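The structure file target17.cif is reproduced below (mmCIF, C-alpha atoms).
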```
data_query
#
loop_
_atom_site.group_PDB
_atom_site.id
_atom_site.type_symbol
_atom_site.label_atom_id
_atom_site.label_comp_id
_atom_site.auth_asym_id
_atom_site.auth_seq_id
_atom_site.Cartn_x
_atom_site.Cartn_y
_atom_site.Cartn_z
ATOM 1 C CA MET A 1 107.781 77.587 110.265
ATOM 2 C CA ARG A 2 107.590 81.342 110.909
ATOM 3 C CA GLU A 3 107.796 82.713 114.438
ATOM 4 C CA SER A 4 104.435 84.000 115.495
ATOM 5 C CA PRO A 5 104.728 85.547 119.018
ATOM 6 C CA ALA A 6 104.209 89.310 119.051
ATOM 7 C CA GLY A 7 107.383 91.310 119.281
ATOM 8 C CA LEU A 8 109.497 88.831 117.370
ATOM 9 C CA ILE A 9 110.690 89.734 113.910
ATOM 10 C CA SER A 10 110.217 87.036 111.297
ATOM 11 C CA SER A 11 113.188 84.969 110.259
ATOM 12 C CA GLN A 12 112.916 86.398 106.755
ATOM 13 C CA ASN A 13 113.237 89.965 107.944
ATOM 14 C CA MET A 14 116.094 89.009 110.231
ATOM 15 C CA ALA A 15 118.026 87.146 107.534
ATOM 16 C CA PHE A 16 120.630 89.881 107.357
ATOM 17 C CA THR A 17 121.401 89.756 111.082
ATOM 18 C CA ASP A 18 122.368 86.104 110.904
ATOM 19 C CA CYS A 19 125.683 87.148 109.410
ATOM 20 C CA MET A 20 126.582 88.846 112.691
ATOM 21 C CA LYS A 21 126.990 85.503 114.456
ATOM 22 C CA THR A 22 130.401 84.538 113.012
ATOM 23 C CA THR A 23 132.827 85.959 110.520
ATOM 24 C CA ASP A 24 132.652 82.798 108.424
ATOM 25 C CA MET A 25 128.876 82.888 108.273
ATOM 26 C CA CYS A 26 128.983 86.568 107.393
ATOM 27 C CA THR A 27 131.332 85.978 104.493
ATOM 28 C CA GLU A 28 129.335 83.008 103.248
ATOM 29 C CA LYS A 29 125.970 84.761 103.479
ATOM 30 C CA LYS A 30 127.292 87.902 101.780
ATOM 31 C CA GLY A 31 128.526 85.728 98.956
ATOM 32 C CA ILE A 32 125.157 84.009 98.654
ATOM 33 C CA LYS A 33 123.272 87.311 98.724
ATOM 34 C CA ARG A 34 125.508 88.826 96.079
ATOM 35 C CA ARG A 35 125.048 85.807 93.830
ATOM 36 C CA ASN A 36 121.310 85.937 94.411
ATOM 37 C CA TRP A 37 120.855 89.534 93.343
ATOM 38 C CA ARG A 38 123.342 89.144 90.513
ATOM 39 C CA ASN A 39 121.430 86.124 89.263
ATOM 40 C CA ARG A 40 118.122 87.961 89.506
ATOM 41 C CA ILE A 41 119.277 91.177 87.883
ATOM 42 C CA GLY A 42 121.221 89.107 85.378
ATOM 43 C CA PHE A 43 117.982 87.464 84.315
ATOM 44 C CA LEU A 44 116.415 90.868 83.763
ATOM 45 C CA LEU A 45 119.454 92.067 81.859
ATOM 46 C CA LYS A 46 119.274 89.104 79.494
ATOM 47 C CA THR A 47 115.583 89.480 78.713
ATOM 48 C CA ASN A 48 114.608 91.276 75.528
ATOM 49 C CA SER A 49 111.358 92.777 76.790
ATOM 50 C CA SER A 50 110.885 96.517 77.001
ATOM 51 C CA GLN A 51 110.702 96.100 80.763
ATOM 52 C CA SER A 52 114.268 94.820 81.108
ATOM 53 C CA ILE A 53 116.850 96.926 82.870
ATOM 54 C CA LEU A 54 119.290 96.232 80.060
ATOM 55 C CA HIS A 55 116.915 97.894 77.599
ATOM 56 C CA ILE A 56 116.684 100.925 79.829
ATOM 57 C CA MET A 57 120.409 101.216 80.379
ATOM 58 C CA LYS A 58 121.137 100.882 76.662
ATOM 59 C CA ASN A 59 118.401 103.170 75.412
ATOM 60 C CA ARG A 60 119.128 106.799 76.244
ATOM 61 C CA SER A 61 115.480 107.712 75.738
ATOM 62 C CA TYR A 62 114.248 105.421 78.505
ATOM 63 C CA ARG A 63 117.058 104.535 80.860
ATOM 64 C CA PRO A 64 117.224 106.247 84.276
ATOM 65 C CA THR A 65 119.779 109.024 84.297
ATOM 66 C CA ALA A 66 122.590 109.290 86.799
ATOM 67 C CA ASP A 67 120.511 111.997 88.491
ATOM 68 C CA ASP A 68 117.511 109.631 88.689
ATOM 69 C CA VAL A 69 119.558 106.896 90.349
ATOM 70 C CA SER A 70 121.216 109.409 92.660
ATOM 71 C CA GLN A 71 117.796 110.642 93.796
ATOM 72 C CA TRP A 72 116.870 107.121 94.874
ATOM 73 C CA ALA A 73 119.192 107.705 97.839
ATOM 74 C CA GLN A 74 117.141 110.696 99.014
ATOM 75 C CA SER A 75 114.286 108.697 100.500
ATOM 76 C CA LEU A 76 112.438 105.426 100.249
ATOM 77 C CA ASP A 77 109.425 107.304 98.893
ATOM 78 C CA THR A 78 111.529 108.700 96.039
ATOM 79 C CA LEU A 79 112.883 105.238 95.271
ATOM 80 C CA LEU A 80 109.439 103.614 95.207
ATOM 81 C CA SER A 81 107.990 106.375 93.052
ATOM 82 C CA HIS A 82 110.445 105.493 90.273
ATOM 83 C CA LYS A 83 109.430 102.399 88.301
ATOM 84 C CA TYR A 84 112.920 101.021 87.842
ATOM 85 C CA GLY A 85 114.107 102.094 91.260
ATOM 86 C CA LYS A 86 111.324 100.001 92.720
ATOM 87 C CA THR A 87 112.321 97.076 90.475
ATOM 88 C CA ALA A 88 115.926 97.237 91.689
ATOM 89 C CA PHE A 89 114.754 97.450 95.317
ATOM 90 C CA CYS A 90 112.553 94.377 94.786
ATOM 91 C CA ILE A 91 115.552 92.454 93.484
ATOM 92 C CA PHE A 92 117.542 93.489 96.555
ATOM 93 C CA LEU A 93 114.753 92.465 98.946
ATOM 94 C CA LYS A 94 114.508 89.070 97.268
ATOM 95 C CA SER A 95 118.218 88.592 97.870
ATOM 96 C CA GLU A 96 117.509 89.195 101.570
ATOM 97 C CA PHE A 97 114.474 86.905 101.598
ATOM 98 C CA CYS A 98 112.046 89.636 102.626
ATOM 99 C CA GLU A 99 110.324 90.499 99.356
ATOM 100 C CA GLU A 100 106.959 89.944 101.030
ATOM 101 C CA ASN A 101 107.287 93.430 102.523
ATOM 102 C CA ILE A 102 107.379 95.302 99.223
ATOM 103 C CA GLU A 103 104.781 92.956 97.745
ATOM 104 C CA PHE A 104 102.402 93.655 100.644
ATOM 105 C CA TRP A 105 103.023 97.407 100.424
ATOM 106 C CA THR A 106 102.320 97.318 96.679
ATOM 107 C CA ALA A 107 99.164 95.253 97.196
ATOM 108 C CA CYS A 108 97.939 97.841 99.714
ATOM 109 C CA GLU A 109 98.574 100.655 97.241
ATOM 110 C CA ASP A 110 96.489 98.798 94.677
ATOM 111 C CA TYR A 111 93.823 98.022 97.268
ATOM 112 C CA LYS A 112 93.296 101.722 97.976
ATOM 113 C CA THR A 113 92.373 102.312 94.326
ATOM 114 C CA GLN A 114 89.409 99.921 94.368
ATOM 115 C CA THR A 115 86.183 101.740 93.546
ATOM 116 C CA SER A 116 83.415 99.398 94.673
ATOM 117 C CA GLN A 117 82.583 97.564 97.875
ATOM 118 C CA LYS A 118 82.599 94.279 95.988
ATOM 119 C CA GLU A 119 86.143 94.925 94.788
ATOM 120 C CA LEU A 120 87.224 95.953 98.286
ATOM 121 C CA VAL A 121 85.855 92.760 99.806
ATOM 122 C CA SER A 122 87.502 90.555 97.197
ATOM 123 C CA LYS A 123 90.855 92.314 97.384
ATOM 124 C CA ALA A 124 90.806 92.512 101.197
ATOM 125 C CA HIS A 125 90.316 88.768 101.528
ATOM 126 C CA SER A 126 93.022 88.127 98.942
ATOM 127 C CA ILE A 127 95.536 90.274 100.849
ATOM 128 C CA TYR A 128 94.557 88.630 104.126
ATOM 129 C CA GLU A 129 95.035 85.127 102.734
ATOM 130 C CA GLN A 130 98.346 85.963 101.125
ATOM 131 C CA PHE A 131 100.018 88.175 103.742
ATOM 132 C CA ILE A 132 98.121 88.465 107.036
ATOM 133 C CA LYS A 133 96.733 85.202 108.350
ATOM 134 C CA SER A 134 98.890 82.865 110.379
ATOM 135 C CA GLU A 135 101.066 80.706 108.123
ATOM 136 C CA ALA A 136 100.104 82.756 105.059
ATOM 137 C CA PRO A 137 102.394 81.988 102.089
ATOM 138 C CA LYS A 138 103.917 85.481 102.297
ATOM 139 C CA GLU A 139 103.152 86.264 105.932
ATOM 140 C CA ILE A 140 104.442 89.623 107.097
ATOM 141 C CA ASN A 141 105.509 90.353 110.645
ATOM 142 C CA LEU A 142 102.714 92.112 112.548
ATOM 143 C CA ASP A 143 101.858 92.520 116.200
ATOM 144 C CA TYR A 144 98.751 90.782 117.508
ATOM 145 C CA HIS A 145 96.695 93.988 117.822
ATOM 146 C CA THR A 146 97.248 95.046 114.206
ATOM 147 C CA ARG A 147 96.662 91.557 112.848
ATOM 148 C CA ASN A 148 93.491 91.128 114.902
ATOM 149 C CA ALA A 149 92.127 94.516 113.827
ATOM 150 C CA ILE A 150 92.505 93.497 110.172
ATOM 151 C CA THR A 151 90.815 90.169 110.815
ATOM 152 C CA GLN A 152 87.857 91.926 112.463
ATOM 153 C CA SER A 153 87.573 94.438 109.608
ATOM 154 C CA LEU A 154 87.102 91.729 106.970
ATOM 155 C CA ALA A 155 83.371 91.612 107.727
ATOM 156 C CA GLU A 156 83.064 95.087 106.216
ATOM 157 C CA PRO A 157 86.434 96.115 104.786
ATOM 158 C CA THR A 158 87.186 99.780 104.128
ATOM 159 C CA VAL A 159 89.979 101.457 102.174
ATOM 160 C CA THR A 160 91.860 102.047 105.446
ATOM 161 C CA CYS A 161 91.711 98.573 106.988
ATOM 162 C CA PHE A 162 95.313 97.756 105.975
ATOM 163 C CA LEU A 163 96.685 101.254 106.585
ATOM 164 C CA ALA A 164 98.258 100.575 109.989
ATOM 165 C CA ALA A 165 99.909 97.394 108.737
ATOM 166 C CA GLN A 166 101.145 99.123 105.596
ATOM 167 C CA ARG A 167 102.716 101.894 107.673
ATOM 168 C CA LYS A 168 104.485 99.364 109.882
ATOM 169 C CA VAL A 169 105.880 97.508 106.880
ATOM 170 C CA TYR A 170 106.955 100.774 105.233
ATOM 171 C CA SER A 171 108.759 101.800 108.432
ATOM 172 C CA LEU A 172 110.483 98.423 108.554
ATOM 173 C CA MET A 173 111.735 98.817 104.987
ATOM 174 C CA GLU A 174 112.680 102.459 105.520
ATOM 175 C CA ASN A 175 114.735 101.793 108.638
ATOM 176 C CA ASN A 176 116.293 98.454 107.690
ATOM 177 C CA SER A 177 116.243 97.285 104.086
ATOM 178 C CA TYR A 178 116.417 100.690 102.396
ATOM 179 C CA PRO A 179 119.671 101.856 104.068
ATOM 180 C CA ARG A 180 121.293 98.528 103.218
ATOM 181 C CA PHE A 181 120.146 98.833 99.623
ATOM 182 C CA ILE A 182 121.668 102.325 99.306
ATOM 183 C CA HIS A 183 124.994 101.001 100.636
ATOM 184 C CA SER A 184 124.907 97.789 98.604
ATOM 185 C CA ASP A 185 127.072 96.731 95.673
ATOM 186 C CA LEU A 186 123.882 96.501 93.626
ATOM 187 C CA TYR A 187 123.102 100.192 94.069
ATOM 188 C CA ARG A 188 126.728 101.159 93.424
ATOM 189 C CA GLU A 189 126.726 99.236 90.144
ATOM 190 C CA LEU A 190 123.398 100.765 89.150
ATOM 191 C CA CYS A 191 124.946 104.203 89.706
ATOM 192 C CA GLU A 192 127.948 103.263 87.590
ATOM 193 C CA ALA A 193 125.737 101.912 84.826
ATOM 194 C CA ALA A 194 123.631 105.077 84.815
ATOM 195 C CA ARG A 195 126.797 107.151 84.467
ATOM 196 C CA GLY A 196 128.022 104.828 81.726
ATOM 197 C CA GLU A 197 131.076 103.856 83.758
ATOM 198 C CA GLY A 198 130.572 100.135 83.803
ATOM 199 C CA LYS A 199 128.366 97.166 83.147
ATOM 200 C CA LEU A 200 126.027 95.645 85.703
ATOM 201 C CA ILE A 201 126.689 92.111 84.562
ATOM 202 C CA LYS A 202 129.610 91.126 82.425
ATOM 203 C CA SER A 203 128.879 88.528 79.790
#
```
Represent the structure contained in this file as structure tokens.
Amino acid sequence: MRESPAGLISSQNMAFTDCMKTTDMCTEKKGIKRRNWRNRIGFLLKTNSSQSILHIMKNRSYRPTADDVSQWAQSLDTLLSHKYGKTAFCIFLKSEFCEENIEFWTACEDYKTQTSQKELVSKAHSIYEQFIKSEAPKEINLDYHTRNAITQSLAEPTVTCFLAAQRKVYSLMENNSYPRFIHSDLYRELCEAARGEGKLIKS
């Protein structure tokens, strides 16, 4: 069950702090996280679709350059604006059990492109059911005021009804997950692969 009182951060978003409790737990959790992202990126590397990271890294015409990957460290906005930077960040967030944050942020970006009231209503209720309501399958951590304001806005949703929540989630990623991603082994190996200095996953 997720913790619901305002002011508490969800157990998913706090997964990384659990390793601070004991050295043994830290070592074990780091090992699990590394295996998780290696397994996930390994799956992408082994796929043959044009969307796979392996395809990008092997094809000079499409793969991100060393400069591209280096720019991902400039800001979260720069990272998310790059298709494959965002993919790598998603993989990292999944390894930390907080992928609902990027999924919610992405859903909000899509929501703002809706062009009719009917589409807004449908999409707003979908986002609410998936991310906002209590015990939602991908519930994000929000304070009571923000959550309640969204609930009230569902009667007549507008393009800005999720804006406050989206900003809070973005700030959470920017101040917590993003710095850890930039200092992670995953990002280091992506940099090496972009420079042609190594392989992400050895067969």
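When the PyMOL selection byres ((chain A and resi 161) around 10) is run on the displayed coordinates, the residues it returns are Cys108, Tyr111, Lys112, Ala124, Thr146, Ala149, Ile150, Thr151, Gln152, Ser153, Leu154, Glu156, Pro157, Thr158, Val159, Thr160, Phe162, Leu163, Ala164, Ala165 and Gln166 of chain A.
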Those residues you just picked out, can you put them in a file as a PDB file, in the frame of the given file with C-alpha atoms?
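Output saved as out-v8.pdb:
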```
ATOM      1  CA  CYS A 108      97.939  97.841  99.714  1.00  0.00           C
ATOM      2  CA  TYR A 111      93.823  98.022  97.268  1.00  0.00           C
ATOM      3  CA  LYS A 112      93.296 101.722  97.976  1.00  0.00           C
ATOM      4  CA  ALA A 124      90.806  92.512 101.197  1.00  0.00           C
ATOM      5  CA  THR A 146      97.248  95.046 114.206  1.00  0.00           C
ATOM      6  CA  ALA A 149      92.127  94.516 113.827  1.00  0.00           C
ATOM      7  CA  ILE A 150      92.505  93.497 110.172  1.00  0.00           C
ATOM      8  CA  THR A 151      90.815  90.169 110.815  1.00  0.00           C
ATOM      9  CA  GLN A 152      87.857  91.926 112.463  1.00  0.00           C
ATOM     10  CA  SER A 153      87.573  94.438 109.608  1.00  0.00           C
ATOM     11  CA  LEU A 154      87.102  91.729 106.970  1.00  0.00           C
ATOM     12  CA  GLU A 156      83.064  95.087 106.216  1.00  0.00           C
ATOM     13  CA  PRO A 157      86.434  96.115 104.786  1.00  0.00           C
ATOM     14  CA  THR A 158      87.186  99.780 104.128  1.00  0.00           C
ATOM     15  CA  VAL A 159      89.979 101.457 102.174  1.00  0.00           C
ATOM     16  CA  THR A 160      91.860 102.047 105.446  1.00  0.00           C
ATOM     17  CA  PHE A 162      95.313  97.756 105.975  1.00  0.00           C
ATOM     18  CA  LEU A 163      96.685 101.254 106.585  1.00  0.00           C
ATOM     19  CA  ALA A 164      98.258 100.575 109.989  1.00  0.00           C
ATOM     20  CA  ALA A 165      99.909  97.394 108.737  1.00  0.00           C
ATOM     21  CA  GLN A 166     101.145  99.123 105.596  1.00  0.00           C
TER      22      GLN A 166
END
```
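Distance check against Leu120 of chain A using all atoms listed in the file: of A:Asp67, A:Ala155, A:Phe97, A:Ala136, the minimum falls on A:Ala155.
Note that atom CA of Glu100 of chain A and atom CA of Leu142 of chain A are 12.5 Å apart.
What the PyMOL selection byres ((chain A and resi 184) around 12) grabs from this file is Lys30, Lys33, Arg34, Trp37, Arg38, Ala73, Ala88, Phe89, Ile91, Phe92, Leu93, Ser95, Glu96, Ser177, Tyr178, Pro179, Arg180, Phe181, Ile182, His183, Asp185, Leu186, Tyr187, Arg188, Glu189, Leu190 and Cys191 of chain A.
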Care to translate the PyMOL selection byres ((chain A and resi 172) around 12) into actual residues of this file, as a short mmCIF file (atom, residue, chain, number, x, y, z; two decimals) with C-alpha atoms, in the coordinates of the input?
```
data_model
loop_
_atom_site.label_atom_id
_atom_site.label_comp_id
_atom_site.auth_asym_id
_atom_site.auth_seq_id
_atom_site.Cartn_x
_atom_site.Cartn_y
_atom_site.Cartn_z
CA ILE A 9 110.69 89.73 113.91
CA SER A 10 110.22 87.04 111.30
CA ASN A 13 113.24 89.96 107.94
CA MET A 14 116.09 89.01 110.23
CA LEU A 76 112.44 105.43 100.25
CA CYS A 98 112.05 89.64 102.63
CA GLU A 100 106.96 89.94 101.03
CA ASN A 101 107.29 93.43 102.52
CA ILE A 102 107.38 95.30 99.22
CA TRP A 105 103.02 97.41 100.42
CA ILE A 140 104.44 89.62 107.10
CA ASN A 141 105.51 90.35 110.64
CA LEU A 142 102.71 92.11 112.55
CA ALA A 165 99.91 97.39 108.74
CA GLN A 166 101.14 99.12 105.60
CA ARG A 167 102.72 101.89 107.67
CA LYS A 168 104.48 99.36 109.88
CA VAL A 169 105.88 97.51 106.88
CA TYR A 170 106.96 100.77 105.23
CA SER A 171 108.76 101.80 108.43
CA MET A 173 111.74 98.82 104.99
CA GLU A 174 112.68 102.46 105.52
CA ASN A 175 114.74 101.79 108.64
CA ASN A 176 116.29 98.45 107.69
CA SER A 177 116.24 97.28 104.09
CA TYR A 178 116.42 100.69 102.40
CA PRO A 179 119.67 101.86 104.07
#
```
Open item on the list: Quick check, in Å to one decimal: how far apart do atom CA of Gln74 of chain A and atom CA of Thr106 of chain A lie?
Closed with: 20.1 Å
